[in-house]
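**Student:** Got a file for you: target_37.cif, mmCIF, C-alpha atoms and all ligand atoms.
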```
data_target
loop_
_atom_site.label_atom_id
_atom_site.label_comp_id
_atom_site.auth_asym_id
_atom_site.auth_seq_id
_atom_site.Cartn_x
_atom_site.Cartn_y
_atom_site.Cartn_z
CA MET A 1126 0.00 0.00 0.00
CA THR A 1127 1.38 3.33 -0.97
CA PRO A 1128 1.93 5.55 2.08
CA ILE A 1129 0.47 8.71 0.53
CA ARG A 1130 -3.05 8.51 -0.86
CA PHE A 1131 -5.50 11.16 -1.92
CA THR A 1132 -9.04 11.34 -3.10
CA THR A 1133 -11.13 14.18 -4.46
CA ALA A 1134 -14.86 14.81 -4.63
CA GLY A 1135 -16.95 17.51 -6.23
CA GLU A 1136 -18.73 18.51 -9.40
CA SER A 1137 -17.63 21.40 -11.60
CA HIS A 1138 -20.69 23.53 -10.73
CA GLY A 1139 -21.44 21.92 -7.39
CA LYS A 1140 -21.00 23.65 -4.04
CA GLY A 1141 -17.31 22.98 -3.91
CA LEU A 1142 -14.44 20.53 -4.14
CA VAL A 1143 -13.16 18.34 -1.33
CA ALA A 1144 -9.71 16.76 -1.16
CA ILE A 1145 -8.48 14.27 1.41
CA LEU A 1146 -4.75 13.63 1.58
CA GLU A 1147 -3.51 10.82 3.83
CA GLY A 1148 -0.08 9.60 4.88
CA LEU A 1149 1.78 12.89 5.30
CA PRO A 1150 4.14 12.89 8.28
CA ALA A 1151 3.52 15.13 11.28
CA GLY A 1152 5.45 18.34 11.80
CA LEU A 1153 5.39 19.71 8.26
CA ARG A 1154 4.94 23.46 8.34
CA LEU A 1155 1.88 24.28 6.28
CA ILE A 1156 -0.39 27.29 5.84
CA ALA A 1157 -3.30 27.82 3.45
CA ASP A 1158 -1.30 30.40 1.46
CA ASP A 1159 1.18 27.66 0.40
CA ILE A 1160 -1.74 25.99 -1.33
CA ASN A 1161 -3.57 29.10 -2.53
CA ALA A 1162 -0.51 30.26 -4.45
CA GLU A 1163 -0.57 27.02 -6.45
CA LEU A 1164 -4.34 27.22 -7.00
CA LYS A 1165 -3.86 30.70 -8.42
CA ARG A 1166 -1.19 29.44 -10.83
CA ARG A 1167 -3.62 26.76 -12.09
CA MET A 1168 -6.19 29.40 -13.01
CA ALA A 1169 -3.81 31.56 -15.07
CA GLY A 1170 -2.75 31.37 -18.71
CA HIS A 1171 -3.79 33.01 -21.95
CA GLY A 1172 -6.63 31.08 -23.56
CA ARG A 1173 -8.64 30.24 -20.44
CA GLY A 1174 -12.40 30.78 -20.51
CA ALA A 1175 -14.74 33.01 -18.50
CA ARG A 1176 -14.89 30.49 -15.64
CA MET A 1177 -11.39 31.32 -14.48
CA LYS A 1178 -12.35 34.98 -14.14
CA ILE A 1179 -15.21 34.03 -11.80
CA GLU A 1180 -13.29 31.65 -9.55
CA SER A 1181 -10.58 32.79 -7.14
CA ASP A 1182 -9.80 29.47 -5.52
CA ALA A 1183 -8.78 29.32 -1.88
CA VAL A 1184 -8.52 26.35 0.43
CA GLU A 1185 -10.08 25.84 3.83
CA PHE A 1186 -8.50 23.20 6.09
CA LEU A 1187 -11.07 20.93 7.73
CA SER A 1188 -8.60 18.61 9.44
CA GLY A 1189 -5.02 17.42 9.72
CA VAL A 1190 -3.37 20.82 10.32
CA ARG A 1191 -3.03 22.62 13.63
CA ALA A 1192 -1.04 25.72 14.57
CA GLY A 1193 0.57 25.77 11.14
CA GLU A 1194 1.82 22.17 11.22
CA THR A 1195 0.55 18.85 9.93
CA LEU A 1196 -0.58 16.35 12.57
CA GLY A 1197 0.05 13.15 10.61
CA SER A 1198 -3.70 12.62 10.36
CA PRO A 1199 -5.67 12.89 7.08
CA ILE A 1200 -5.67 16.45 5.73
CA ALA A 1201 -9.14 17.40 4.49
CA MET A 1202 -9.41 20.52 2.35
CA LEU A 1203 -12.37 22.37 0.93
CA ILE A 1204 -12.44 24.71 -2.07
CA TRP A 1205 -15.78 26.49 -2.49
CA ASN A 1206 -17.07 27.11 -6.02
CA LYS A 1207 -17.73 30.84 -6.15
CA ASP A 1208 -20.23 30.37 -9.02
CA TRP A 1209 -22.46 28.02 -6.99
CA LYS A 1210 -25.18 30.62 -6.49
CA ASN A 1211 -25.87 30.58 -10.25
CA TRP A 1212 -26.06 26.79 -10.32
CA ALA A 1213 -27.78 26.01 -7.02
CA GLU A 1214 -31.07 25.08 -8.63
CA ILE A 1215 -29.52 23.18 -11.54
CA MET A 1216 -27.16 21.18 -9.33
CA ALA A 1217 -29.39 20.82 -6.23
CA PRO A 1218 -29.11 17.35 -4.67
CA GLU A 1219 -32.81 17.35 -3.74
CA PRO A 1220 -35.24 15.59 -6.12
CA ASP A 1221 -37.23 17.74 -8.56
CA ARG A 1222 -40.70 18.82 -7.52
CA GLU A 1223 -43.27 16.55 -9.11
CA GLY A 1224 -44.05 17.59 -12.67
CA ALA A 1225 -41.32 20.25 -12.64
CA GLY A 1226 -39.86 18.69 -15.79
CA ASP A 1227 -36.25 18.74 -16.89
CA ARG A 1228 -33.71 20.85 -15.12
CA ARG A 1229 -32.29 23.81 -16.94
CA ARG A 1230 -29.03 23.42 -18.90
CA LYS A 1231 -29.68 19.78 -19.70
CA VAL A 1232 -27.06 18.34 -22.04
CA VAL A 1233 -28.34 15.92 -24.72
CA ARG A 1234 -25.99 16.70 -27.61
CA PRO A 1235 -22.73 15.02 -26.50
CA ARG A 1236 -19.44 16.69 -27.42
CA PRO A 1237 -16.99 14.54 -29.40
CA GLY A 1238 -13.78 14.20 -27.38
CA HIS A 1239 -15.52 14.61 -24.01
CA ALA A 1240 -16.90 12.03 -21.59
CA ASP A 1241 -20.52 13.00 -22.40
CA LEU A 1242 -21.61 10.15 -24.70
CA VAL A 1243 -19.83 7.15 -23.22
CA GLY A 1244 -20.52 8.28 -19.66
CA SER A 1245 -24.24 8.79 -20.33
CA LEU A 1246 -24.58 5.30 -21.82
CA LYS A 1247 -22.38 3.55 -19.25
CA TYR A 1248 -24.01 5.24 -16.21
CA ASP A 1249 -27.51 5.24 -17.72
CA ARG A 1250 -28.04 8.99 -17.45
CA ARG A 1251 -30.50 11.00 -19.58
CA ASP A 1252 -28.70 14.30 -18.95
CA ALA A 1253 -25.01 14.26 -19.90
CA ARG A 1254 -24.52 17.01 -17.29
CA ASP A 1255 -24.50 14.13 -14.77
CA ILE A 1256 -21.26 13.04 -16.47
CA LEU A 1257 -19.53 16.23 -17.58
CA GLU A 1258 -19.82 17.87 -14.18
CA ARG A 1259 -17.37 15.33 -12.80
CA ALA A 1260 -15.31 14.74 -15.98
CA SER A 1261 -14.58 18.49 -16.07
CA ALA A 1262 -11.02 19.50 -15.24
CA ARG A 1263 -12.36 21.62 -12.39
CA GLU A 1264 -11.56 18.55 -10.28
CA THR A 1265 -7.86 19.17 -10.87
CA ALA A 1266 -8.02 22.16 -8.49
CA ALA A 1267 -8.37 19.61 -5.67
CA ARG A 1268 -5.38 17.69 -7.01
CA VAL A 1269 -3.32 20.88 -7.13
CA ALA A 1270 -4.20 21.47 -3.48
CA CYS A 1271 -2.94 17.99 -2.54
CA GLY A 1272 0.13 18.41 -4.74
CA ALA A 1273 0.93 21.74 -3.07
CA VAL A 1274 1.10 20.03 0.33
CA CYS A 1275 3.44 17.41 -1.15
CA LYS A 1276 5.60 20.15 -2.66
CA CYS A 1277 6.06 21.55 0.86
CA LEU A 1278 7.21 18.14 2.06
CA LEU A 1279 9.60 17.70 -0.88
CA LEU A 1280 11.11 21.15 -0.25
CA GLU A 1281 12.37 19.76 3.06
CA PHE A 1282 14.54 17.46 0.93
CA GLY A 1283 15.64 20.25 -1.39
CA VAL A 1284 13.37 19.16 -4.25
CA GLU A 1285 12.08 21.90 -6.56
CA ILE A 1286 9.32 21.04 -9.02
CA GLY A 1287 8.49 23.33 -11.91
CA SER A 1288 7.14 23.26 -15.43
CA HIS A 1289 7.09 25.20 -18.65
CA VAL A 1290 5.20 25.06 -21.91
CA VAL A 1291 7.19 23.85 -24.92
CA ALA A 1292 4.48 23.87 -27.61
CA ILE A 1293 0.98 25.21 -28.24
CA GLY A 1294 -0.99 24.73 -31.45
CA GLY A 1295 2.09 23.75 -33.46
CA VAL A 1296 4.27 26.67 -32.23
CA GLU A 1297 7.35 25.15 -30.59
CA ALA A 1298 9.78 26.76 -28.16
CA PRO A 1299 13.49 26.16 -28.83
CA ASP A 1300 15.19 23.51 -26.66
CA TYR A 1301 16.76 24.78 -23.45
CA LEU A 1302 20.21 23.41 -22.59
CA VAL A 1303 20.12 24.87 -19.08
CA LEU A 1304 16.76 25.66 -17.51
CA PRO A 1305 16.47 28.76 -15.30
CA SER A 1306 16.25 28.30 -11.57
CA PRO A 1307 13.74 28.60 -10.01
CA LEU A 1308 11.94 27.43 -13.13
CA ASN A 1309 8.45 28.64 -12.24
CA ALA A 1310 9.54 32.23 -11.56
CA SER A 1311 10.57 32.50 -15.24
CA ALA A 1312 7.76 30.38 -16.71
CA ASP A 1313 4.98 32.14 -14.78
CA ALA A 1314 6.17 35.51 -16.14
CA SER A 1315 4.90 34.49 -19.60
CA PRO A 1316 1.14 34.52 -20.35
CA VAL A 1317 1.53 31.00 -21.74
CA ARG A 1318 4.24 29.85 -19.29
CA CYS A 1319 6.80 29.57 -22.10
CA LEU A 1320 10.44 30.49 -21.42
CA ASP A 1321 11.19 31.84 -24.89
CA GLN A 1322 9.84 35.34 -25.48
CA ASP A 1323 9.48 34.95 -29.24
CA ALA A 1324 7.73 31.58 -29.02
CA SER A 1325 5.55 32.94 -26.21
CA ASN A 1326 4.35 35.80 -28.46
CA GLN A 1327 3.66 33.37 -31.30
CA MET A 1328 1.70 31.08 -28.98
CA VAL A 1329 -0.46 33.98 -27.78
CA ALA A 1330 -1.13 34.93 -31.42
CA ALA A 1331 -2.01 31.29 -32.30
CA ILE A 1332 -4.48 31.17 -29.38
CA ASP A 1333 -6.12 34.43 -30.49
CA THR A 1334 -6.42 33.17 -34.06
CA ALA A 1335 -7.96 29.88 -32.88
CA HIS A 1336 -10.34 31.84 -30.65
CA GLN A 1337 -11.49 33.96 -33.59
CA ALA A 1338 -11.99 30.80 -35.64
CA ARG A 1339 -14.06 29.44 -32.69
CA ASP A 1340 -11.62 26.54 -32.46
CA THR A 1341 -9.30 25.12 -29.77
CA LEU A 1342 -5.63 24.18 -29.36
CA GLY A 1343 -3.50 21.57 -27.60
CA GLY A 1344 0.20 21.50 -26.81
CA VAL A 1345 3.05 20.12 -24.75
CA ALA A 1346 4.32 21.01 -21.27
CA GLU A 1347 7.50 19.82 -19.60
CA VAL A 1348 7.65 19.17 -15.88
CA VAL A 1349 11.01 19.09 -14.12
CA ALA A 1350 11.92 17.98 -10.58
CA ARG A 1351 15.41 19.04 -9.48
CA GLY A 1352 17.30 18.00 -6.38
CA VAL A 1353 15.81 14.50 -6.16
CA VAL A 1354 18.18 12.05 -4.49
CA LEU A 1355 19.31 8.92 -6.33
CA GLY A 1356 17.31 5.75 -5.67
CA ILE A 1357 13.69 6.88 -5.29
CA GLY A 1358 11.37 4.20 -6.70
CA SER A 1359 12.51 0.64 -7.31
CA HIS A 1360 13.34 -1.89 -10.02
CA VAL A 1361 12.11 -4.88 -7.98
CA SER A 1362 8.43 -4.83 -8.90
CA TRP A 1363 6.28 -3.20 -11.59
CA ARG A 1364 4.20 -1.44 -8.98
CA ARG A 1365 7.19 0.36 -7.51
CA LYS A 1366 8.79 1.58 -10.74
CA LEU A 1367 8.77 5.35 -10.55
CA ASP A 1368 8.56 5.90 -14.31
CA ALA A 1369 5.40 3.80 -14.46
CA ARG A 1370 3.90 5.59 -11.45
CA LEU A 1371 4.65 8.97 -12.97
CA ALA A 1372 3.29 8.05 -16.39
CA GLY A 1373 0.05 6.73 -14.88
CA ALA A 1374 -0.44 9.80 -12.71
CA LEU A 1375 0.29 12.21 -15.57
CA MET A 1376 -1.95 10.33 -18.01
CA SER A 1377 -4.81 10.69 -15.53
CA ILE A 1378 -4.89 14.46 -16.16
CA PRO A 1379 -7.86 15.20 -18.45
CA ALA A 1380 -6.96 15.58 -22.14
CA ILE A 1381 -3.45 14.12 -21.79
CA LYS A 1382 -2.78 11.78 -24.69
CA GLY A 1383 0.93 11.07 -24.28
CA VAL A 1384 3.67 11.14 -21.67
CA GLU A 1385 7.39 10.98 -22.41
CA ILE A 1386 10.14 10.49 -19.86
CA GLY A 1387 13.39 12.22 -20.85
CA MET A 1388 14.07 11.75 -24.56
CA GLY A 1389 10.95 9.58 -24.77
CA PHE A 1390 9.84 8.49 -28.25
CA GLU A 1391 12.98 9.90 -29.85
CA THR A 1392 15.05 7.13 -28.17
CA ALA A 1393 13.34 4.61 -30.44
CA ARG A 1394 14.81 6.33 -33.50
CA ARG A 1395 18.41 6.54 -32.24
CA ARG A 1396 21.32 4.19 -31.65
CA GLY A 1397 22.27 3.23 -28.11
CA SER A 1398 25.45 5.31 -28.32
CA GLN A 1399 23.28 8.39 -28.96
CA VAL A 1400 20.85 7.70 -26.14
CA HIS A 1401 22.41 6.33 -22.95
CA ASP A 1402 23.88 8.79 -20.50
CA GLU A 1403 27.57 8.12 -19.91
CA ILE A 1404 28.69 7.96 -16.30
CA THR A 1405 31.50 10.11 -14.91
CA ARG A 1406 32.76 10.91 -11.43
CA GLY A 1407 31.75 14.05 -9.57
CA GLY A 1408 28.41 15.56 -8.80
CA ARG A 1409 26.40 15.85 -5.61
CA SER A 1410 26.40 13.27 -2.87
CA ALA A 1411 22.65 12.98 -3.58
CA SER A 1412 23.70 11.48 -6.92
CA GLY A 1413 26.06 9.07 -5.17
CA GLY A 1414 29.08 11.09 -6.31
CA PHE A 1415 28.42 10.38 -9.99
CA LEU A 1416 27.54 12.63 -12.90
CA ARG A 1417 26.00 11.99 -16.31
CA ARG A 1418 27.29 13.64 -19.47
CA THR A 1419 23.71 13.88 -20.72
CA ASN A 1420 20.27 13.30 -19.17
CA ASN A 1421 18.38 11.62 -21.99
CA ALA A 1422 16.90 9.16 -19.48
CA GLY A 1423 15.11 12.07 -17.81
CA GLY A 1424 16.55 11.19 -14.41
CA LEU A 1425 15.22 7.63 -14.29
CA GLU A 1426 16.91 4.26 -14.83
CA GLY A 1427 15.38 0.92 -13.85
CA GLY A 1428 12.37 2.70 -12.36
CA MET A 1429 14.64 4.62 -9.95
CA THR A 1430 15.85 8.20 -9.86
CA THR A 1431 19.48 8.71 -10.93
CA GLY A 1432 19.98 12.01 -9.09
CA GLU A 1433 19.79 13.91 -12.39
CA PRO A 1434 16.76 16.17 -12.94
CA LEU A 1435 13.56 14.22 -13.42
CA ILE A 1436 11.97 15.30 -16.71
CA ALA A 1437 8.59 14.39 -18.22
CA ARG A 1438 6.68 15.86 -21.17
CA LEU A 1439 2.92 15.72 -21.54
CA ALA A 1440 0.97 16.02 -24.78
CA MET A 1441 -2.45 17.61 -24.39
CA LYS A 1442 -5.10 17.35 -27.09
CA PRO A 1443 -7.12 20.44 -28.12
CA ILE A 1444 -10.09 21.27 -25.83
CA SER A 1445 -13.18 19.28 -26.86
CA THR A 1446 -15.77 22.04 -26.44
CA LEU A 1447 -15.76 24.14 -29.60
CA ARG A 1448 -17.70 27.34 -30.12
CA ARG A 1449 -18.04 26.08 -33.70
CA PRO A 1450 -19.54 22.77 -32.61
CA LEU A 1451 -18.79 19.41 -34.22
CA GLU A 1452 -21.39 16.95 -35.49
CA THR A 1453 -23.08 14.67 -32.99
CA ILE A 1454 -26.36 12.86 -32.33
CA ASN A 1455 -29.14 14.23 -30.11
CA LEU A 1456 -29.60 11.59 -27.40
CA GLU A 1457 -33.33 12.42 -27.02
CA THR A 1458 -34.35 12.44 -30.66
CA GLY A 1459 -31.63 10.27 -32.25
CA GLU A 1460 -31.22 12.94 -34.92
CA GLU A 1461 -28.05 14.51 -36.22
CA ALA A 1462 -27.20 17.69 -34.36
CA LYS A 1463 -24.44 20.12 -33.46
CA ALA A 1464 -22.66 19.38 -30.18
CA GLN A 1465 -23.60 21.37 -27.09
CA SER A 1466 -21.38 24.32 -26.26
CA GLU A 1467 -20.43 24.99 -22.66
CA ARG A 1468 -18.42 27.92 -21.35
CA SER A 1469 -14.92 26.75 -22.25
CA ASP A 1470 -11.18 27.32 -22.67
CA VAL A 1471 -9.46 27.80 -26.05
CA THR A 1472 -6.42 26.10 -24.60
CA ALA A 1473 -5.37 25.04 -21.10
CA VAL A 1474 -1.80 23.89 -21.75
CA PRO A 1475 -0.26 26.46 -19.33
CA ALA A 1476 -2.58 25.29 -16.52
CA MET A 1477 -1.96 21.66 -17.42
CA GLY A 1478 1.73 22.16 -16.61
CA VAL A 1479 0.79 23.30 -13.10
CA ILE A 1480 -1.45 20.24 -12.64
CA ALA A 1481 1.38 18.03 -13.90
CA GLU A 1482 3.67 19.51 -11.22
CA ALA A 1483 1.08 18.55 -8.60
CA MET A 1484 0.84 14.97 -9.87
CA VAL A 1485 4.64 14.64 -9.93
CA ALA A 1486 4.76 16.01 -6.36
CA LEU A 1487 2.17 13.47 -5.21
CA VAL A 1488 4.02 10.54 -6.79
CA LEU A 1489 7.43 11.70 -5.55
CA ALA A 1490 6.23 12.42 -2.01
CA ASP A 1491 4.70 8.96 -1.90
CA ALA A 1492 7.95 7.37 -3.03
CA PHE A 1493 9.97 9.51 -0.57
CA VAL A 1494 7.82 8.43 2.39
CA GLU A 1495 8.06 4.83 1.13
CA LYS A 1496 11.88 5.06 1.11
CA PHE A 1497 12.51 7.13 4.24
CA GLY A 1498 9.51 6.12 6.36
CA GLY A 1499 8.77 7.74 9.70
CA ASP A 1500 5.76 9.38 11.30
CA SER A 1501 7.28 12.83 11.58
CA VAL A 1502 9.27 15.07 9.24
CA VAL A 1503 12.17 14.81 11.71
CA ASP A 1504 12.16 10.99 11.38
CA LEU A 1505 12.11 11.22 7.59
CA LEU A 1506 14.95 13.74 7.47
CA GLY A 1507 17.00 11.60 9.89
CA SER A 1508 16.62 8.58 7.64
CA TYR A 1509 17.37 10.70 4.57
CA GLY A 1510 20.53 12.02 6.24
CA SER A 1511 21.83 8.54 7.03
CA TYR A 1512 21.11 7.42 3.46
CA LEU A 1513 23.17 10.36 2.13
CA SER A 1514 25.99 9.43 4.55
CA ARG A 1515 25.95 5.85 3.29
CA LEU A 1516 26.17 7.02 -0.33
CA ARG A 1517 29.05 9.34 0.61
CA GLU A 1518 30.92 6.73 2.64
CA ARG A 1519 30.82 4.19 -0.12
CA TRP A 1520 32.57 6.59 -2.45
CA ASN A 1521 35.10 7.64 0.19
CA ASN A 1522 35.86 3.98 0.87
CA ALA A 1523 36.29 3.30 -2.84
CA GLU A 1524 38.74 6.22 -3.07
CA SER A 1525 40.79 4.97 -0.15
CA GLY A 1526 40.75 1.44 -1.64
CA GLU A 1527 38.79 -0.18 1.23
C1 LIG B 1 -6.72 22.51 -17.06
C2 LIG B 1 -7.70 21.87 -17.99
C3 LIG B 1 -8.77 22.63 -18.45
C4 LIG B 1 -9.69 22.08 -19.34
N1 LIG B 1 -10.72 22.86 -19.79
C5 LIG B 1 -11.63 22.33 -20.64
C6 LIG B 1 -12.70 23.12 -21.13
O1 LIG B 1 -12.83 24.30 -20.80
N2 LIG B 1 -13.57 22.55 -21.99
C7 LIG B 1 -13.43 21.24 -22.40
O2 LIG B 1 -14.25 20.77 -23.18
N3 LIG B 1 -12.44 20.47 -21.95
C8 LIG B 1 -11.52 20.97 -21.08
N4 LIG B 1 -10.50 20.18 -20.63
C9 LIG B 1 -10.36 18.81 -21.12
C10 LIG B 1 -11.45 17.88 -20.64
O3 LIG B 1 -11.56 17.91 -19.25
C11 LIG B 1 -11.19 16.45 -21.16
O4 LIG B 1 -10.91 16.46 -22.51
C12 LIG B 1 -12.42 15.56 -20.90
O5 LIG B 1 -12.60 15.41 -19.51
C13 LIG B 1 -12.31 14.18 -21.55
O6 LIG B 1 -11.23 13.46 -21.05
P1 LIG B 1 -10.04 12.94 -21.98
O7 LIG B 1 -9.72 14.07 -22.92
O8 LIG B 1 -8.93 12.65 -21.05
O9 LIG B 1 -10.53 11.75 -22.75
C14 LIG B 1 -9.54 20.72 -19.76
C15 LIG B 1 -8.48 19.96 -19.28
C16 LIG B 1 -7.54 20.53 -18.41
C17 LIG B 1 -6.40 19.70 -17.92
#
```
Do you think you could lay out the structure here as structure tokens?
**Tutor:**
Amino acid sequence: MTPIRFTTAGESHGKGLVAILEGLPAGLRLIADDINAELKRRMAGHGRGARMKIESDAVEFLSGVRAGETLGSPIAMLIWNKDWKNWAEIMAPEPDREGAGDRRRKVVRPRPGHADLVGSLKYDRRDARDILERASARETAARVACGAVCKCLLLEFGVEIGSHVVAIGGVEAPDYLVLPSPLNASADASPVRCLDQDASNQMVAAIDTAHQARDTLGGVAEVVARGVVLGIGSHVSWRRKLDARLAGALMSIPAIKGVEIGMGFETARRRGSQVHDEITRGGRSASGGFLRRTNNAGGLEGGMTTGEPLIARLAMKPISTLRRPLETINLETGEEAKAQSERSDVTAVPAMGVIAEAMVALVLADAFVEKFGGDSVVDLLGSYGSYLSRLRERWNNAESGE
């Protein structure tokens, strides 16, 4: 059983979102602002719809935190939906008054690319709103809240997680040989979270053009975790392989259609000599005193971290809700129709990067607690310290010929 688990609840236009995060050690300093800052980052980005202008997400702790520190008990968090007042009647849990008929804003013309059709058939619902309210990426706000807590834990180990956008709608940013540090300070300065000014301008223009054409765009974000010690995750069983855990968590983000670790798909086109990262001496003790000439493996070998930066790229498809709707079938009449249009984003690639950071933080924090155990942050750091000493000693012994 993985030590850190989380669950979320809540519909997009319901009263609010709830997140429960279990397995965090006691004694982690935590205040709501740590989380609110991340929630704010998730709402930003050129190309977001009207919804993001309405919401100003903030978390309320219901349990697990006292006097600014975690207790080791489950952390329950609540994020109210500010727009609830406009949806109270539509989303009310109470049954309809007899003969009141259908609720307003019923959805019967499913959008291609969304969960509307399959969900309605599978769950036997007559109103696809019963599906889309939960399939909506609004739920990812609760994940970002959980991820923000995990980021605080990982900071105790010197781990910094950031992301940046490398492509939107076919506009690609040039490759970065050395990423800025801290990464998010630079990325967040761009309206599309892209590090290259020229590409950033082109991406903004591409979003505006797509908006005018009543169309949508996808793209690629890269998430990077720096300062991760060697040996997180394990080769011994498929469940414990960190690359698999990361890929699964990142693929669970709505609209993600591909995840690459390091050089990813490009490795399949190259020879071994052009792919594998040669080993040299040097580097931090957190890397066991070794360095790599390259980091094509994206910081992972054998399902374990190498001590090099952990790098993953996520491909996001274009948003499924188009203001120029695609063809569909009306589920009430069986006739051809145009898909329903909901208030929607043109693109959400910049926000997706922030959600990806949260998912990486959740997976990494889980694997850290698995490796270093302990009920309190002090216990974990003690165990981490002795692991670093062991890595250091081994190298010192090798040097002295022992
Ligand atoms: C941050 C974010 C925002 C999104 N915003 C929208 C949106 O406004 N409209 C929409 O149709 N889909 C949006 N999506 C994508 C849908 O949630 C997603 O395509 C849908 O749930 C179907 O899941 P799938 O694409 O993974 O198959 C968004 C996704 C993310 C990650």
**Student:** Which residue out of A:Glu1433, A:Asp1368, A:Asp1340, A:Glu1457 has the minimum interatomic distance to ligand LIG 1 (chain B) when only C-alpha atoms and all ligand atoms are used?
**Tutor:**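 Looking at the shortest contact to ligand LIG 1 (chain B), the residue is A:Asp1340.
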**Student:** Using all atoms listed in the file, what are the residues with an atom within 7 Å of ligand LIG 1 (chain B), set out as a PyMOL selection string?
**Tutor:** chain A and resi 1174+1238-1240+1260-1262+1378-1381+1444-1446+1468-1470+1473-1474+1476-1477
**Student:** Can you list, as a ChimeraX atom specification, every protein, DNA or RNA residue that comes within 12 Å of Arg1418 in chain A when you count all atoms listed in the file, leaving out same-chain residues fewer than 6 positions away?
**Tutor:** /A:1399-1408,1433
**Student:** Tell me, as a PyMOL selection string, which residues lie within 8 Å of Gly1343 in chain A, counting all atoms listed in the file; anything in the same chain fewer than 4 positions away does not count.
**Tutor:** chain A and resi 1293-1294+1440-1444+1472-1474
**Student:** In terms of the shortest atom-to-atom distance over only C-alpha atoms, which of A:Phe1415, A:Trp1520, A:Phe1131, A:Tyr1509 is closest to Arg1268 in chain A?
**Tutor:**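 Answer, going by the shortest atom-to-atom distance: A:Phe1131.
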**Student:** With all atoms listed in the file as the basis for distance, which of A:Leu1242, A:Leu1308, A:Ala1369, A:Ala1481 is at the shortest distance from Val1348 in chain A?
**Tutor:**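 Comparing A:Leu1242, A:Leu1308, A:Ala1369, A:Ala1481 against Val1348 in chain A, the winner is A:Ala1481.
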**Student:** For range 1190-1203 of chain A, list every protein, DNA or RNA residue within 10 Å, evaluated using all atoms listed in the file, and leave out those in the same chain fewer than 4 positions away; present the list as a PDB file with C-alpha atoms, in the frame of the given file.
**Tutor:**
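Done, and the output landed in out-v9.pdb:
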```pdb
ATOM      1  CA  ILE A1129       0.470   8.710   0.530  1.00  0.00           C
ATOM      2  CA  ARG A1130      -3.050   8.510  -0.860  1.00  0.00           C
ATOM      3  CA  PHE A1131      -5.500  11.160  -1.920  1.00  0.00           C
ATOM      4  CA  THR A1132      -9.040  11.340  -3.100  1.00  0.00           C
ATOM      5  CA  THR A1133     -11.130  14.180  -4.460  1.00  0.00           C
ATOM      6  CA  ALA A1134     -14.860  14.810  -4.630  1.00  0.00           C
ATOM      7  CA  GLY A1135     -16.950  17.510  -6.230  1.00  0.00           C
ATOM      8  CA  GLY A1141     -17.310  22.980  -3.910  1.00  0.00           C
ATOM      9  CA  LEU A1142     -14.440  20.530  -4.140  1.00  0.00           C
ATOM     10  CA  VAL A1143     -13.160  18.340  -1.330  1.00  0.00           C
ATOM     11  CA  ALA A1144      -9.710  16.760  -1.160  1.00  0.00           C
ATOM     12  CA  ILE A1145      -8.480  14.270   1.410  1.00  0.00           C
ATOM     13  CA  LEU A1146      -4.750  13.630   1.580  1.00  0.00           C
ATOM     14  CA  GLU A1147      -3.510  10.820   3.830  1.00  0.00           C
ATOM     15  CA  GLY A1148      -0.080   9.600   4.880  1.00  0.00           C
ATOM     16  CA  LEU A1149       1.780  12.890   5.300  1.00  0.00           C
ATOM     17  CA  PRO A1150       4.140  12.890   8.280  1.00  0.00           C
ATOM     18  CA  ALA A1151       3.520  15.130  11.280  1.00  0.00           C
ATOM     19  CA  GLY A1152       5.450  18.340  11.800  1.00  0.00           C
ATOM     20  CA  LEU A1153       5.390  19.710   8.260  1.00  0.00           C
ATOM     21  CA  ARG A1154       4.940  23.460   8.340  1.00  0.00           C
ATOM     22  CA  LEU A1155       1.880  24.280   6.280  1.00  0.00           C
ATOM     23  CA  ILE A1156      -0.390  27.290   5.840  1.00  0.00           C
ATOM     24  CA  ALA A1157      -3.300  27.820   3.450  1.00  0.00           C
ATOM     25  CA  ASP A1182      -9.800  29.470  -5.520  1.00  0.00           C
ATOM     26  CA  ALA A1183      -8.780  29.320  -1.880  1.00  0.00           C
ATOM     27  CA  VAL A1184      -8.520  26.350   0.430  1.00  0.00           C
ATOM     28  CA  GLU A1185     -10.080  25.840   3.830  1.00  0.00           C
ATOM     29  CA  PHE A1186      -8.500  23.200   6.090  1.00  0.00           C
ATOM     30  CA  ALA A1267      -8.370  19.610  -5.670  1.00  0.00           C
ATOM     31  CA  ALA A1270      -4.200  21.470  -3.480  1.00  0.00           C
ATOM     32  CA  CYS A1271      -2.940  17.990  -2.540  1.00  0.00           C
ATOM     33  CA  VAL A1274       1.100  20.030   0.330  1.00  0.00           C
ATOM     34  CA  ASP A1500       5.760   9.380  11.300  1.00  0.00           C
ATOM     35  CA  SER A1501       7.280  12.830  11.580  1.00  0.00           C
ATOM     36  CA  VAL A1502       9.270  15.070   9.240  1.00  0.00           C
TER      37      VAL A1502
END
```
**Student:** Report, in Å to a single decimal, how far apart CA of Arg1263 in chain A and CA of Gly1287 in chain A are.
**Tutor:**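 Computing the Euclidean distance for CA of Gly1287 in chain A and CA of Arg1263 in chain A yields 20.9 Å.
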**Student:** Find the residue from A:Asn1421, A:Val1361, A:Lys1463, A:Asp1221 that sits nearest to Gly1397 in chain A; use all atoms listed in the file when measuring.
**Tutor:**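 Smallest distance to Gly1397 in chain A is found for A:Asn1421.
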**Student:** Here is a test: counting only C-alpha atoms, which residue of A:Ala1483, A:Leu1456, A:Ala1350, A:Ala1411 is nearest to Val1284 in chain A?
**Tutor:**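 The closest residue to Val1284 in chain A is A:Ala1350.
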